[in-house]
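> One structure, as structure tokens, below. Some questions next.
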Amino acid sequence: MTPPTAAELLGFARQIADDAALVASLPLDPEGRTWMRLEGPGGSEAWLIGWPPGTGTGWHDHGGSHGAFAAAAGELTEQSLAAQLPTEGWKTLELADGVDRRRRLSDGRGRAFGPHHVHQVFNASEDRHAVSVHAYYPPLPLMRRYSRTGPLLRLEQIERAEEWA
């Protein structure tokens, strides 16, 4: 079996985002994110995620997996870094000027990303839930969580997949 490409994962995420019945079946919590695990294409993992107003992920990466996500309802904002960061051997990095990217995603719009992608995603709405679909290959082995102050990015935590079960 050939592993899915980031473009194929994006196609899958958009297809699921268009499934109004599945999107509506996700229970939404007024205070915390909710999620449903889905089987993705070619051995990938996928998640349908509900985002209450004002919630987000914080800065993180995907442990070397490539992936994609698409908005299914509401609008999400993604802030990302247009730089390939080393994955090991550092605790604090000073980011160069011009690496910040920001995009808003709604109505089935999405994006694919490679294995070194660092970003944060959030629902900036004050009164409306958002729902999105995320797919990763290989299934996430870990996520590195970062804090950011101006140009300084600091590794704060490494979460392993077995901790999420």
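Convention: chains lettered A, B, ... in structure tokens order; per-chain residue numbering from 1; ligands numbered from 1 as shown.
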Fewer than 2 positions away in the same chain doesn't count, so skip those; otherwise give me all residues within 7 Å of region 99-109 of chain A, counting only C-alpha atoms, as a list of chain:residue names.
A:Arg14, A:Ala17, A:Asp18, A:Ala70, A:Ala71, A:Ala72, A:Ala73, A:Gly74, A:Glu75, A:Leu76, A:Thr77, A:Glu78, A:Gln79, A:Ser80, A:Leu81, A:Ala82, A:Ala83, A:Ala96, A:Asp97
> When you look at region 143-148 of chain A with a cut-off of 7 Å (counting only C-alpha atoms), what residues show up, excluding the ones that are within fewer than 5 positions of it in the same chain? I need them as a list in words.
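Counting only the stated atoms, we get Trp59, His60, Asp61, His62, Gly63, Leu153, Arg154, Leu155, Glu156, Gln157, Ile158, Glu159 and Arg160 of chain A.
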> Store the residues picked out above, limited to all heavy atoms, as a short mmCIF file (atom, residue, chain, number, x, y, z; two decimals), in the first residue's frame.

data_model
loop_
_atom_site.label_atom_id
_atom_site.label_comp_id
_atom_site.auth_asym_id
_atom_site.auth_seq_id
_atom_site.Cartn_x
_atom_site.Cartn_y
_atom_site.Cartn_z
N TRP A 59 1.07 26.60 20.05
CA TRP A 59 2.10 26.25 19.06
C TRP A 59 2.49 24.78 19.22
O TRP A 59 2.73 24.32 20.34
CB TRP A 59 3.32 27.14 19.21
CG TRP A 59 3.07 28.54 18.76
CD1 TRP A 59 2.73 29.61 19.54
CD2 TRP A 59 3.14 29.03 17.42
NE1 TRP A 59 2.57 30.73 18.76
CE2 TRP A 59 2.83 30.41 17.46
CE3 TRP A 59 3.44 28.44 16.20
CZ2 TRP A 59 2.79 31.21 16.33
CZ3 TRP A 59 3.42 29.24 15.07
CH2 TRP A 59 3.10 30.60 15.13
N HIS A 60 2.57 24.05 18.11
CA HIS A 60 2.94 22.63 18.16
C HIS A 60 3.41 22.16 16.79
O HIS A 60 3.23 22.83 15.78
CB HIS A 60 1.74 21.77 18.61
CG HIS A 60 0.61 21.76 17.62
ND1 HIS A 60 -0.29 22.80 17.52
CD2 HIS A 60 0.24 20.84 16.69
CE1 HIS A 60 -1.17 22.51 16.56
NE2 HIS A 60 -0.87 21.34 16.04
N ASP A 61 4.02 20.97 16.77
CA ASP A 61 4.30 20.29 15.51
C ASP A 61 3.63 18.93 15.55
O ASP A 61 2.84 18.64 16.46
CB ASP A 61 5.81 20.20 15.23
CG ASP A 61 6.58 19.27 16.15
OD1 ASP A 61 5.97 18.40 16.81
OD2 ASP A 61 7.81 19.40 16.21
N HIS A 62 3.90 18.08 14.57
CA HIS A 62 3.19 16.81 14.44
C HIS A 62 4.13 15.61 14.46
O HIS A 62 3.84 14.58 13.87
CB HIS A 62 2.35 16.83 13.16
CG HIS A 62 1.40 17.98 13.13
ND1 HIS A 62 1.71 19.16 12.50
CD2 HIS A 62 0.20 18.16 13.72
CE1 HIS A 62 0.72 20.01 12.68
NE2 HIS A 62 -0.20 19.45 13.42
N GLY A 63 5.25 15.76 15.14
CA GLY A 63 6.15 14.64 15.37
C GLY A 63 6.71 13.99 14.13
O GLY A 63 7.00 12.80 14.15
N LEU A 153 11.03 30.98 20.28
CA LEU A 153 10.20 29.77 20.33
C LEU A 153 10.90 28.81 21.29
O LEU A 153 12.08 28.51 21.13
CB LEU A 153 10.10 29.15 18.93
CG LEU A 153 9.12 28.00 18.77
CD1 LEU A 153 7.68 28.50 18.88
CD2 LEU A 153 9.33 27.33 17.41
N ARG A 154 10.15 28.34 22.29
CA ARG A 154 10.74 27.47 23.32
C ARG A 154 9.98 26.15 23.37
O ARG A 154 8.76 26.13 23.44
CB ARG A 154 10.66 28.15 24.67
CG ARG A 154 11.19 27.30 25.82
CD ARG A 154 11.04 27.98 27.17
NE ARG A 154 11.69 29.28 27.22
CZ ARG A 154 12.98 29.48 27.47
NH1 ARG A 154 13.78 28.45 27.69
NH2 ARG A 154 13.47 30.69 27.50
N LEU A 155 10.73 25.05 23.32
CA LEU A 155 10.15 23.72 23.48
C LEU A 155 9.71 23.56 24.93
O LEU A 155 10.51 23.72 25.84
CB LEU A 155 11.16 22.63 23.12
CG LEU A 155 10.72 21.19 23.34
CD1 LEU A 155 9.54 20.84 22.45
CD2 LEU A 155 11.89 20.24 23.09
N GLU A 156 8.43 23.27 25.14
CA GLU A 156 7.89 23.16 26.50
C GLU A 156 7.58 21.72 26.90
O GLU A 156 7.71 21.36 28.06
CB GLU A 156 6.60 23.99 26.63
CG GLU A 156 6.81 25.48 26.44
CD GLU A 156 7.59 26.13 27.57
OE1 GLU A 156 7.76 25.52 28.64
OE2 GLU A 156 8.05 27.27 27.38
N GLN A 157 7.12 20.90 25.92
CA GLN A 157 6.65 19.57 26.28
C GLN A 157 6.65 18.68 25.05
O GLN A 157 6.41 19.16 23.94
CB GLN A 157 5.23 19.70 26.84
CG GLN A 157 4.59 18.43 27.28
CD GLN A 157 3.18 18.68 27.81
OE1 GLN A 157 2.64 19.77 27.71
NE2 GLN A 157 2.58 17.65 28.38
N ILE A 158 6.88 17.40 25.27
CA ILE A 158 6.71 16.40 24.21
C ILE A 158 5.64 15.44 24.67
O ILE A 158 5.78 14.80 25.71
CB ILE A 158 8.02 15.65 23.91
CG1 ILE A 158 9.09 16.63 23.42
CG2 ILE A 158 7.79 14.55 22.87
CD1 ILE A 158 10.47 16.02 23.22
N GLU A 159 4.54 15.38 23.92
CA GLU A 159 3.45 14.46 24.22
C GLU A 159 3.56 13.26 23.29
O GLU A 159 3.70 13.43 22.09
CB GLU A 159 2.09 15.13 23.98
CG GLU A 159 1.80 16.28 24.87
CD GLU A 159 0.48 16.95 24.52
OE1 GLU A 159 -0.22 16.48 23.60
OE2 GLU A 159 0.16 17.96 25.16
N ARG A 160 3.49 12.07 23.84
CA ARG A 160 3.56 10.84 23.04
C ARG A 160 2.15 10.28 22.85
O ARG A 160 1.28 10.44 23.72
CB ARG A 160 4.46 9.84 23.72
CG ARG A 160 5.85 10.43 23.94
CD ARG A 160 6.95 9.42 24.00
NE ARG A 160 8.23 10.06 24.21
CZ ARG A 160 8.96 10.65 23.26
NH1 ARG A 160 8.54 10.65 22.03
NH2 ARG A 160 10.12 11.20 23.54
#
> Leaving out region 28-32 of chain A and any residue of its chain fewer than 4 positions from it, which residues lie within 10 Å of it when counting only C-alpha atoms, given as a list in words?
Ala24, Ile49, Gly50, Trp51, Pro52, Pro53, Gly54, Thr55, Gly56, Asp127, Arg128, His129, Ala130 and Val131 of chain A
> Using only C-alpha atoms, which protein or nucleic acid residues come within 12 Å of Glu162 (chain A)? Drop anything in the same chain fewer than 6 positions from it, and give the result as a list of chain:residue names.
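Selected residues are A:Pro139, A:Leu140, A:Pro141, A:Leu142, A:Met143.
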> Please, what distance in Å, to one decimal, runs between CA of Glu163 (chain A) and CA of Pro4 (chain A)?
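Going from CA of Glu163 (chain A) over to CA of Pro4 (chain A), I get 25.3 Å.
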> Let's see if you can do this: from backbone DSSP, list all strand (DSSP E or B) residues in chain A, as a ChimeraX atom specification.
/A:34-39,45-51,56,59-60,66-73,75-81,92-94,100-106,110-113,119-122,130-137,142-149,152-160
> Could you tell me which of A:Trp90, A:Pro115, A:Ser132, A:Leu38 comes closest to Ala20 (chain A) if we count only C-alpha atoms?
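Closest to Ala20 (chain A) of all the choices is A:Ser132.
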> Measuring between only C-alpha atoms, which one of A:Thr92, A:Ile16, A:Asn123, A:Gly58 shows the shortest distance to Glu39 (chain A)?
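Counting only C-alpha atoms, the residue closest to Glu39 (chain A) is A:Ile16.
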> What's the 9 Å shell around Thr5 (chain A), counting only C-alpha atoms, without same-chain residues fewer than 4 positions away, as a VMD selection string?
chain A and resid 9 to 10 66 to 67 137
> Would you list, as a PDB file with C-alpha atoms, in the first residue's frame, the residues of chain A that end up in helix (DSSP H, G or I) under DSSP run on this structure's backbone?

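Wrote it out as part.pdb, contents follow:
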ATOM      1  CA  ALA A   6      -0.312  15.464   1.870  1.00  0.00           C
ATOM      2  CA  ALA A   7      -2.488  16.389  -1.138  1.00  0.00           C
ATOM      3  CA  GLU A   8      -4.481  13.158  -0.756  1.00  0.00           C
ATOM      4  CA  LEU A   9      -4.932  13.855   2.945  1.00  0.00           C
ATOM      5  CA  LEU A  10      -6.232  17.320   2.075  1.00  0.00           C
ATOM      6  CA  GLY A  11      -8.701  15.806  -0.410  1.00  0.00           C
ATOM      7  CA  PHE A  12      -9.912  13.424   2.303  1.00  0.00           C
ATOM      8  CA  ALA A  13     -10.247  16.264   4.847  1.00  0.00           C
ATOM      9  CA  ARG A  14     -12.295  18.312   2.368  1.00  0.00           C
ATOM     10  CA  GLN A  15     -14.506  15.321   1.565  1.00  0.00           C
ATOM     11  CA  ILE A  16     -15.257  14.744   5.263  1.00  0.00           C
ATOM     12  CA  ALA A  17     -15.792  18.490   5.799  1.00  0.00           C
ATOM     13  CA  ALA A  20     -22.948  17.630   6.749  1.00  0.00           C
ATOM     14  CA  ALA A  21     -24.460  14.670   8.629  1.00  0.00           C
ATOM     15  CA  LEU A  22     -21.093  13.537  10.011  1.00  0.00           C
ATOM     16  CA  VAL A  23     -20.098  17.086  10.960  1.00  0.00           C
ATOM     17  CA  ALA A  24     -23.459  17.587  12.726  1.00  0.00           C
ATOM     18  CA  SER A  25     -22.994  14.320  14.653  1.00  0.00           C
ATOM     19  CA  PRO A  41      -6.912   6.875   3.722  1.00  0.00           C
ATOM     20  CA  GLY A  42      -3.946   4.501   3.385  1.00  0.00           C
ATOM     21  CA  GLY A  43      -3.387   3.890   7.097  1.00  0.00           C
ATOM     22  CA  ALA A 161       0.622   9.110  21.355  1.00  0.00           C
ATOM     23  CA  GLU A 162       0.305   6.502  24.123  1.00  0.00           C
ATOM     24  CA  GLU A 163      -0.477   9.348  26.546  1.00  0.00           C
TER      25      GLU A 163
END
> Rounded to one decimal, what separation in Å do you get between CA of Leu85 (chain A) and CA of His119 (chain A)?
11.7 Å
> Which residues are close to His134 (chain A), i.e. within 7 Å by only C-alpha atoms, leaving aside same-chain residues fewer than 5 positions away? Reply as a list in words.
Ala13, Ala46, Trp47, Leu48, Ala68, Phe69 and Ala70 of chain A
> Which distance in Å separates CA of Gln84 (chain A) and CA of His116 (chain A), to one decimal?
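We find that CA of Gln84 (chain A) and CA of His116 (chain A) lie 5.8 Å from each other.
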